[in-house]
file work_3.cif (mmCIF, C-alpha atoms and all ligand atoms)
data_structure
#
loop_
_atom_site.group_PDB
_atom_site.id
_atom_site.type_symbol
_atom_site.label_atom_id
_atom_site.label_comp_id
_atom_site.auth_asym_id
_atom_site.auth_seq_id
_atom_site.Cartn_x
_atom_site.Cartn_y
_atom_site.Cartn_z
ATOM 1 C CA MET A 1 248.668 -80.978 53.322
ATOM 2 C CA ASN A 2 245.562 -82.468 54.852
ATOM 3 C CA LEU A 3 245.590 -81.349 58.473
ATOM 4 C CA CYS A 4 242.679 -79.960 60.372
ATOM 5 C CA ARG A 5 242.886 -76.831 62.488
ATOM 6 C CA ARG A 6 243.439 -78.737 65.744
ATOM 7 C CA GLU A 7 246.301 -80.722 64.281
ATOM 8 C CA LEU A 8 247.864 -77.566 62.911
ATOM 9 C CA LEU A 9 247.614 -75.926 66.310
ATOM 10 C CA LEU A 10 249.315 -78.892 67.905
ATOM 11 C CA ARG A 11 252.018 -79.400 65.332
ATOM 12 C CA MET A 12 252.694 -76.014 63.765
ATOM 13 C CA PRO A 13 251.126 -73.162 65.708
ATOM 14 C CA GLY A 14 252.970 -70.570 63.631
ATOM 15 C CA LEU A 15 251.360 -71.752 60.421
ATOM 16 C CA VAL A 16 247.787 -71.516 61.618
ATOM 17 C CA ALA A 17 247.581 -67.787 60.938
ATOM 18 C CA LEU A 18 248.852 -68.319 57.398
ATOM 19 C CA PHE A 19 246.296 -70.982 56.593
ATOM 20 C CA ALA A 20 243.369 -70.008 58.764
ATOM 21 C CA ALA A 21 241.527 -68.249 55.948
ATOM 22 C CA GLY A 22 242.320 -70.837 53.323
ATOM 23 C CA ASP A 23 240.957 -74.154 52.190
ATOM 24 C CA LEU A 24 243.768 -76.101 53.788
ATOM 25 C CA VAL A 25 242.212 -75.972 57.247
ATOM 26 C CA ALA A 26 239.469 -78.587 57.280
ATOM 27 C CA ALA A 27 237.051 -79.509 60.037
ATOM 28 C CA CYS A 28 238.506 -82.047 62.425
ATOM 29 C CA ALA A 29 237.060 -85.512 62.104
ATOM 30 C CA GLY A 30 237.515 -88.565 64.272
ATOM 31 C CA PRO A 31 238.175 -92.150 63.201
ATOM 32 C CA GLY A 32 235.966 -93.197 60.323
ATOM 33 C CA GLY A 33 235.111 -89.610 59.508
ATOM 34 C CA ALA A 34 232.868 -89.054 62.529
ATOM 35 C CA PRO A 35 233.093 -85.571 64.034
ATOM 36 C CA SER A 36 235.142 -85.276 67.216
ATOM 37 C CA VAL A 37 234.299 -83.475 70.415
ATOM 38 C CA ASP A 38 237.495 -82.991 72.393
ATOM 39 C CA ALA A 39 237.007 -82.126 76.046
ATOM 40 C CA VAL A 40 239.756 -80.888 78.336
ATOM 41 C CA ALA A 41 238.978 -81.091 82.048
ATOM 42 C CA ASN A 42 240.559 -78.658 84.470
ATOM 43 C CA ASP A 43 239.854 -77.948 88.168
ATOM 44 C CA PHE A 44 236.909 -77.247 87.825
ATOM 45 C CA SER A 45 235.869 -76.433 84.310
ATOM 46 C CA PHE A 46 235.706 -77.932 80.821
ATOM 47 C CA GLN A 47 236.954 -76.674 77.495
ATOM 48 C CA PHE A 48 235.293 -78.230 74.442
ATOM 49 C CA SER A 49 236.543 -78.167 70.867
ATOM 50 C CA ARG A 50 232.920 -77.806 69.769
ATOM 51 C CA THR A 51 229.438 -77.831 71.295
ATOM 52 C CA ASN A 52 227.518 -78.419 68.082
ATOM 53 C CA VAL A 53 227.586 -81.589 65.961
ATOM 54 C CA PRO A 54 225.472 -83.219 63.268
ATOM 55 C CA ALA A 55 223.327 -86.183 64.306
ATOM 56 C CA GLY A 56 225.009 -89.554 63.922
ATOM 57 C CA LYS A 57 228.221 -91.028 65.172
ATOM 58 C CA VAL A 58 230.411 -88.718 67.260
ATOM 59 C CA HIS A 59 233.863 -89.404 68.699
ATOM 60 C CA PHE A 60 234.432 -88.000 72.204
ATOM 61 C CA THR A 61 237.811 -87.585 73.841
ATOM 62 C CA LEU A 62 238.429 -86.505 77.421
ATOM 63 C CA LYS A 63 241.834 -85.256 78.519
ATOM 64 C CA ASN A 64 242.196 -84.765 82.257
ATOM 65 C CA ASN A 65 244.449 -81.747 82.618
ATOM 66 C CA SER A 66 244.310 -81.800 86.415
ATOM 67 C CA LYS A 67 247.356 -82.633 88.483
ATOM 68 C CA THR A 68 245.211 -83.536 91.459
ATOM 69 C CA TYR A 69 241.672 -84.695 90.757
ATOM 70 C CA LYS A 70 239.899 -87.327 88.753
ATOM 71 C CA HIS A 71 237.424 -86.015 86.188
ATOM 72 C CA GLU A 72 234.917 -87.668 83.902
ATOM 73 C CA LEU A 73 232.683 -87.009 80.944
ATOM 74 C CA TRP A 74 229.074 -88.155 80.743
ATOM 75 C CA VAL A 75 226.934 -87.454 77.680
ATOM 76 C CA TYR A 76 223.148 -87.761 77.940
ATOM 77 C CA PRO A 77 219.956 -86.034 76.746
ATOM 78 C CA GLN A 78 219.549 -82.660 78.450
ATOM 79 C CA ASN A 79 216.107 -83.346 79.874
ATOM 80 C CA GLN A 80 216.802 -85.294 83.086
ATOM 81 C CA PRO A 81 213.972 -85.348 85.640
ATOM 82 C CA LYS A 82 216.170 -86.967 88.310
ATOM 83 C CA LEU A 83 219.346 -84.919 87.890
ATOM 84 C CA LYS A 84 218.610 -82.626 90.842
ATOM 85 C CA ASP A 85 217.872 -85.657 93.027
ATOM 86 C CA MET A 86 221.215 -87.153 92.051
ATOM 87 C CA LEU A 87 223.135 -83.976 92.876
ATOM 88 C CA ALA A 88 221.353 -83.750 96.237
ATOM 89 C CA ALA A 89 222.175 -87.384 96.986
ATOM 90 C CA LYS A 90 225.810 -86.821 96.053
ATOM 91 C CA ASP A 91 225.995 -83.690 98.197
ATOM 92 C CA ALA A 92 224.623 -85.708 101.099
ATOM 93 C CA SER A 93 227.116 -88.506 100.600
ATOM 94 C CA THR A 94 230.125 -88.688 102.835
ATOM 95 C CA SER A 95 233.522 -88.935 101.201
ATOM 96 C CA GLY A 96 235.011 -92.364 100.795
ATOM 97 C CA GLY A 97 232.614 -94.845 99.341
ATOM 98 C CA SER A 98 228.968 -93.903 99.688
ATOM 99 C CA ASP A 99 228.735 -91.983 96.414
ATOM 100 C CA VAL A 100 225.562 -92.735 94.432
ATOM 101 C CA SER A 101 225.563 -94.374 91.016
ATOM 102 C CA GLU A 102 224.856 -92.079 88.052
ATOM 103 C CA GLU A 103 223.111 -94.932 86.251
ATOM 104 C CA ASP A 104 220.386 -94.949 88.911
ATOM 105 C CA TYR A 105 219.456 -91.377 88.001
ATOM 106 C CA LEU A 106 220.489 -90.506 84.451
ATOM 107 C CA GLN A 107 218.342 -91.629 81.531
ATOM 108 C CA GLY A 108 219.527 -92.338 78.008
ATOM 109 C CA VAL A 109 223.267 -92.017 78.643
ATOM 110 C CA VAL A 110 224.967 -92.302 75.246
ATOM 111 C CA GLY A 111 228.534 -92.600 76.484
ATOM 112 C CA LYS A 112 230.981 -91.820 79.254
ATOM 113 C CA VAL A 113 234.510 -91.850 80.558
ATOM 114 C CA GLU A 114 234.343 -92.386 84.304
ATOM 115 C CA ASP A 115 236.873 -91.456 86.988
ATOM 116 C CA LEU A 116 239.750 -90.594 84.670
ATOM 117 C CA ASP A 117 243.024 -90.147 86.533
ATOM 118 C CA PRO A 118 244.987 -86.860 86.356
ATOM 119 C CA GLY A 119 247.025 -86.552 83.171
ATOM 120 C CA LYS A 120 245.168 -89.331 81.352
ATOM 121 C CA THR A 121 243.187 -89.293 78.115
ATOM 122 C CA ALA A 122 240.341 -91.620 77.118
ATOM 123 C CA SER A 123 237.713 -91.670 74.408
ATOM 124 C CA PHE A 124 234.444 -93.244 73.322
ATOM 125 C CA ASP A 125 232.079 -93.196 70.363
ATOM 126 C CA ALA A 126 228.389 -92.395 70.642
ATOM 127 C CA THR A 127 225.515 -92.285 68.199
ATOM 128 C CA LEU A 128 223.407 -89.188 68.777
ATOM 129 C CA ALA A 129 219.913 -88.294 67.609
ATOM 130 C CA SER A 130 219.159 -84.624 67.092
ATOM 131 C CA GLY A 131 218.324 -82.606 70.179
ATOM 132 C CA PRO A 132 220.024 -81.008 73.160
ATOM 133 C CA TYR A 133 222.453 -83.115 75.172
ATOM 134 C CA GLU A 134 224.485 -82.321 78.240
ATOM 135 C CA MET A 135 228.153 -83.123 78.847
ATOM 136 C CA ALA A 136 229.088 -83.257 82.525
ATOM 137 C CA CYS A 137 231.413 -84.420 85.279
ATOM 138 C CA PHE A 138 229.943 -85.928 88.455
ATOM 139 C CA VAL A 139 233.093 -86.647 90.422
ATOM 140 C CA VAL A 140 232.684 -85.672 94.062
ATOM 141 C CA THR A 141 235.573 -83.873 95.748
ATOM 142 C CA THR A 142 235.607 -82.957 99.397
ATOM 143 C CA MET A 143 236.350 -79.258 99.746
ATOM 144 C CA VAL A 144 236.723 -77.804 103.243
ATOM 145 C CA GLY A 145 235.066 -80.892 104.680
ATOM 146 C CA LYS A 146 232.061 -80.727 102.369
ATOM 147 C CA PRO A 147 231.411 -83.051 99.404
ATOM 148 C CA MET A 148 231.198 -80.992 96.195
ATOM 149 C CA VAL A 149 229.991 -82.383 92.875
ATOM 150 C CA HIS A 150 232.090 -81.044 90.014
ATOM 151 C CA TYR A 151 228.865 -80.483 88.081
ATOM 152 C CA GLU A 152 227.856 -77.898 90.651
ATOM 153 C CA MET A 153 231.219 -76.180 90.338
ATOM 154 C CA GLY A 154 230.577 -75.571 86.658
ATOM 155 C CA MET A 155 231.651 -78.776 84.937
ATOM 156 C CA HIS A 156 228.765 -79.126 82.503
ATOM 157 C CA ALA A 157 227.808 -77.786 79.081
ATOM 158 C CA ILE A 158 225.130 -78.232 76.437
ATOM 159 C CA LEU A 159 225.913 -80.124 73.227
ATOM 160 C CA THR A 160 223.537 -79.249 70.399
ATOM 161 C CA VAL A 161 222.961 -82.120 67.968
ATOM 162 C CA GLN A 162 221.346 -81.140 64.669
HETATM 163 CU CU CU B 1 235.401 -83.123 87.302
#
call {"tool": "encode", "arguments": {"input": "work_3.cif", "output": "structure tokens", "more": "lines below"}}
Ligand SMILES: [Cu+2]
result
Amino acid sequence: MNLCRRELLLRMPGLVALFAAGDLVAACAGPGGAPSVDAVANDFSFQFSRTNVPAGKVHFTLKNNSKTYKHELWVYPQNQPKLKDMLAAKDASTSGGSDVSEEDYLQGVVGKVEDLDPGKTASFDATLASGPYEMACFVVTTMVGKPMVHYEMGMHAILTVQ
């Protein structure tokens, strides 16, 4: 048997307890042996399979678990001098077309899945140098008449690359 913990959980949840302490449960790797970061987007939070990876190629997958809203996953170096400006510009945008472009504000983006529809899954590969990165969603949803950036509702997390 050569399944990683995630695959065991998906395929045979009852067996995980039996094998959890043994050698049979390996670290999950993506295509080509690159480590995988699996993100699940909910309304409005992320769950990540891991927030710590070795430097090099990393496979990212985003599953949008929402039944209602688009979500996305951007990965970029944590230090972003214009991030606050972008959030302010998005908050000031009216719904329906005047959203600002992330690329005008974010520096060094290593990969993204943008505007993923509810129920969908998408992935990308990125090559990461060591350092702190951030993983975030910048979809804007109008709540009670006010544009809200998902980032500001908690949809962001640090990825440590070593
Ligand atoms: Cu989102």
call {"tool": "residues_near_ligand", "arguments": {"input": "work_3.cif", "ligand": "ligand CU 1 (chain B)", "cutoff": "7 Å", "atoms": "only C-alpha atoms and all ligand atoms", "output": "number ranges by chain"}}
result
A: 41, 43-44, 70-72, 137-139, 150, 155
call {"tool": "closest_atom_pairs", "arguments": {"input": "work_3.cif", "of": "range 26-96 of chain A", "to": "range 105-123 of chain A", "cutoff": "10 Å", "atoms": "all atoms listed in the file", "output": "JSON lines"}}
result
{"residue": "A:Ser36", "atom": "CA", "partner": "A:Ser123", "partner_atom": "CA", "distance": 10.0}
{"residue": "A:Val37", "atom": "CA", "partner": "A:Ser123", "partner_atom": "CA", "distance": 9.7}
{"residue": "A:Asp38", "atom": "CA", "partner": "A:Ser123", "partner_atom": "CA", "distance": 8.9}
{"residue": "A:Ala39", "atom": "CA", "partner": "A:Thr121", "partner_atom": "CA", "distance": 9.7}
{"residue": "A:Val40", "atom": "CA", "partner": "A:Thr121", "partner_atom": "CA", "distance": 9.1}
{"residue": "A:Ala41", "atom": "CA", "partner": "A:Pro118", "partner_atom": "CA", "distance": 9.4}
{"residue": "A:Asn42", "atom": "CA", "partner": "A:Pro118", "partner_atom": "CA", "distance": 9.5}
{"residue": "A:His59", "atom": "CA", "partner": "A:Ser123", "partner_atom": "CA", "distance": 7.2}
{"residue": "A:Phe60", "atom": "CA", "partner": "A:Ser123", "partner_atom": "CA", "distance": 5.4}
{"residue": "A:Thr61", "atom": "CA", "partner": "A:Ser123", "partner_atom": "CA", "distance": 4.1}
{"residue": "A:Leu62", "atom": "CA", "partner": "A:Ala122", "partner_atom": "CA", "distance": 5.5}
{"residue": "A:Lys63", "atom": "CA", "partner": "A:Thr121", "partner_atom": "CA", "distance": 4.3}
{"residue": "A:Asn64", "atom": "CA", "partner": "A:Gly119", "partner_atom": "CA", "distance": 5.2}
{"residue": "A:Asn65", "atom": "CA", "partner": "A:Gly119", "partner_atom": "CA", "distance": 5.5}
{"residue": "A:Ser66", "atom": "CA", "partner": "A:Pro118", "partner_atom": "CA", "distance": 5.1}
{"residue": "A:Lys67", "atom": "CA", "partner": "A:Pro118", "partner_atom": "CA", "distance": 5.3}
{"residue": "A:Thr68", "atom": "CA", "partner": "A:Pro118", "partner_atom": "CA", "distance": 6.1}
{"residue": "A:Tyr69", "atom": "CA", "partner": "A:Pro118", "partner_atom": "CA", "distance": 5.9}
{"residue": "A:Lys70", "atom": "CA", "partner": "A:Asp117", "partner_atom": "CA", "distance": 4.8}
{"residue": "A:His71", "atom": "CA", "partner": "A:Leu116", "partner_atom": "CA", "distance": 5.4}
{"residue": "A:Glu72", "atom": "CA", "partner": "A:Glu114", "partner_atom": "CA", "distance": 4.8}
{"residue": "A:Leu73", "atom": "CA", "partner": "A:Val113", "partner_atom": "CA", "distance": 5.2}
{"residue": "A:Trp74", "atom": "CA", "partner": "A:Lys112", "partner_atom": "CA", "distance": 4.4}
{"residue": "A:Val75", "atom": "CA", "partner": "A:Gly111", "partner_atom": "CA", "distance": 5.5}
{"residue": "A:Tyr76", "atom": "CA", "partner": "A:Val109", "partner_atom": "CA", "distance": 4.3}
{"residue": "A:Pro77", "atom": "CA", "partner": "A:Gly108", "partner_atom": "CA", "distance": 6.4}
{"residue": "A:Gln78", "atom": "CA", "partner": "A:Gln107", "partner_atom": "CA", "distance": 9.6}
{"residue": "A:Asn79", "atom": "CA", "partner": "A:Gln107", "partner_atom": "CA", "distance": 8.7}
{"residue": "A:Gln80", "atom": "CA", "partner": "A:Leu106", "partner_atom": "CA", "distance": 6.5}
{"residue": "A:Pro81", "atom": "CA", "partner": "A:Leu106", "partner_atom": "CA", "distance": 8.4}
{"residue": "A:Lys82", "atom": "CA", "partner": "A:Tyr105", "partner_atom": "CA", "distance": 5.5}
{"residue": "A:Leu83", "atom": "CA", "partner": "A:Tyr105", "partner_atom": "CA", "distance": 6.5}
{"residue": "A:Lys84", "atom": "CA", "partner": "A:Tyr105", "partner_atom": "CA", "distance": 9.2}
{"residue": "A:Asp85", "atom": "CA", "partner": "A:Tyr105", "partner_atom": "CA", "distance": 7.8}
{"residue": "A:Met86", "atom": "CA", "partner": "A:Tyr105", "partner_atom": "CA", "distance": 6.1}
{"residue": "A:Leu87", "atom": "CA", "partner": "A:Tyr105", "partner_atom": "CA", "distance": 9.6}
call {"tool": "residues_around", "arguments": {"input": "work_3.cif", "residues": "Lys57 in chain A", "least_positions_apart": "3", "cutoff": "10 Å", "atoms": "all atoms listed in the file", "output": "list in words"}}
result
Gly30, Gly32, Gly33, Ala34, Pro35, Ser36, Val53, Pro54, Phe60, Asp125, Ala126, Thr127, Leu128 and Ala129 of chain A
call {"tool": "closest_residue", "arguments": {"input": "work_3.cif", "among": "A:Gly131, A:Glu103, A:Glu152, A:Ala157", "to": "Ala55 in chain A", "atoms": "only C-alpha atoms"}}
result
A:Gly131
call {"tool": "atom_distance", "arguments": {"input": "work_3.cif", "atom1": "CA of Thr141 in chain A", "atom2": "CA of Arg50 in chain A"}}
result
26.8 Å
call {"tool": "atom_distance", "arguments": {"input": "work_3.cif", "atom1": "CA of Ser93 in chain A", "atom2": "CA of Thr142 in chain A"}}
result
10.2 Å
call {"tool": "resolve_selection", "arguments": {"input": "work_3.cif", "expression": "the PyMOL selection byres (((chain A and resi 159) around 7) and not hetatm)", "output": "mmCIF file with C-alpha atoms, in the frame of the given file"}}
result
data_model
loop_
_atom_site.group_PDB
_atom_site.id
_atom_site.type_symbol
_atom_site.label_atom_id
_atom_site.label_comp_id
_atom_site.auth_asym_id
_atom_site.auth_seq_id
_atom_site.Cartn_x
_atom_site.Cartn_y
_atom_site.Cartn_z
ATOM 1 C CA THR A 51 229.438 -77.831 71.295
ATOM 2 C CA ASN A 52 227.518 -78.419 68.082
ATOM 3 C CA PRO A 132 220.024 -81.008 73.160
ATOM 4 C CA TYR A 133 222.453 -83.115 75.172
ATOM 5 C CA GLU A 134 224.485 -82.321 78.240
ATOM 6 C CA MET A 135 228.153 -83.123 78.847
ATOM 7 C CA ALA A 157 227.808 -77.786 79.081
ATOM 8 C CA ILE A 158 225.130 -78.232 76.437
ATOM 9 C CA THR A 160 223.537 -79.249 70.399
ATOM 10 C CA VAL A 161 222.961 -82.120 67.968
#
call {"tool": "atom_distance", "arguments": {"input": "work_3.cif", "atom1": "CA of Asp104 in chain A", "atom2": "CA of Ala89 in chain A"}}
result
11.2 Å
call {"tool": "residues_around", "arguments": {"input": "work_3.cif", "residues": "Pro147 in chain A", "least_positions_apart": "2", "cutoff": "8 Å", "atoms": "all atoms listed in the file", "output": "list in words"}}
result
Lys90, Asp91, Ala92, Ser93, Thr94, Ser95, Val140, Thr141, Thr142, Met143, Gly145 and Val149 of chain A
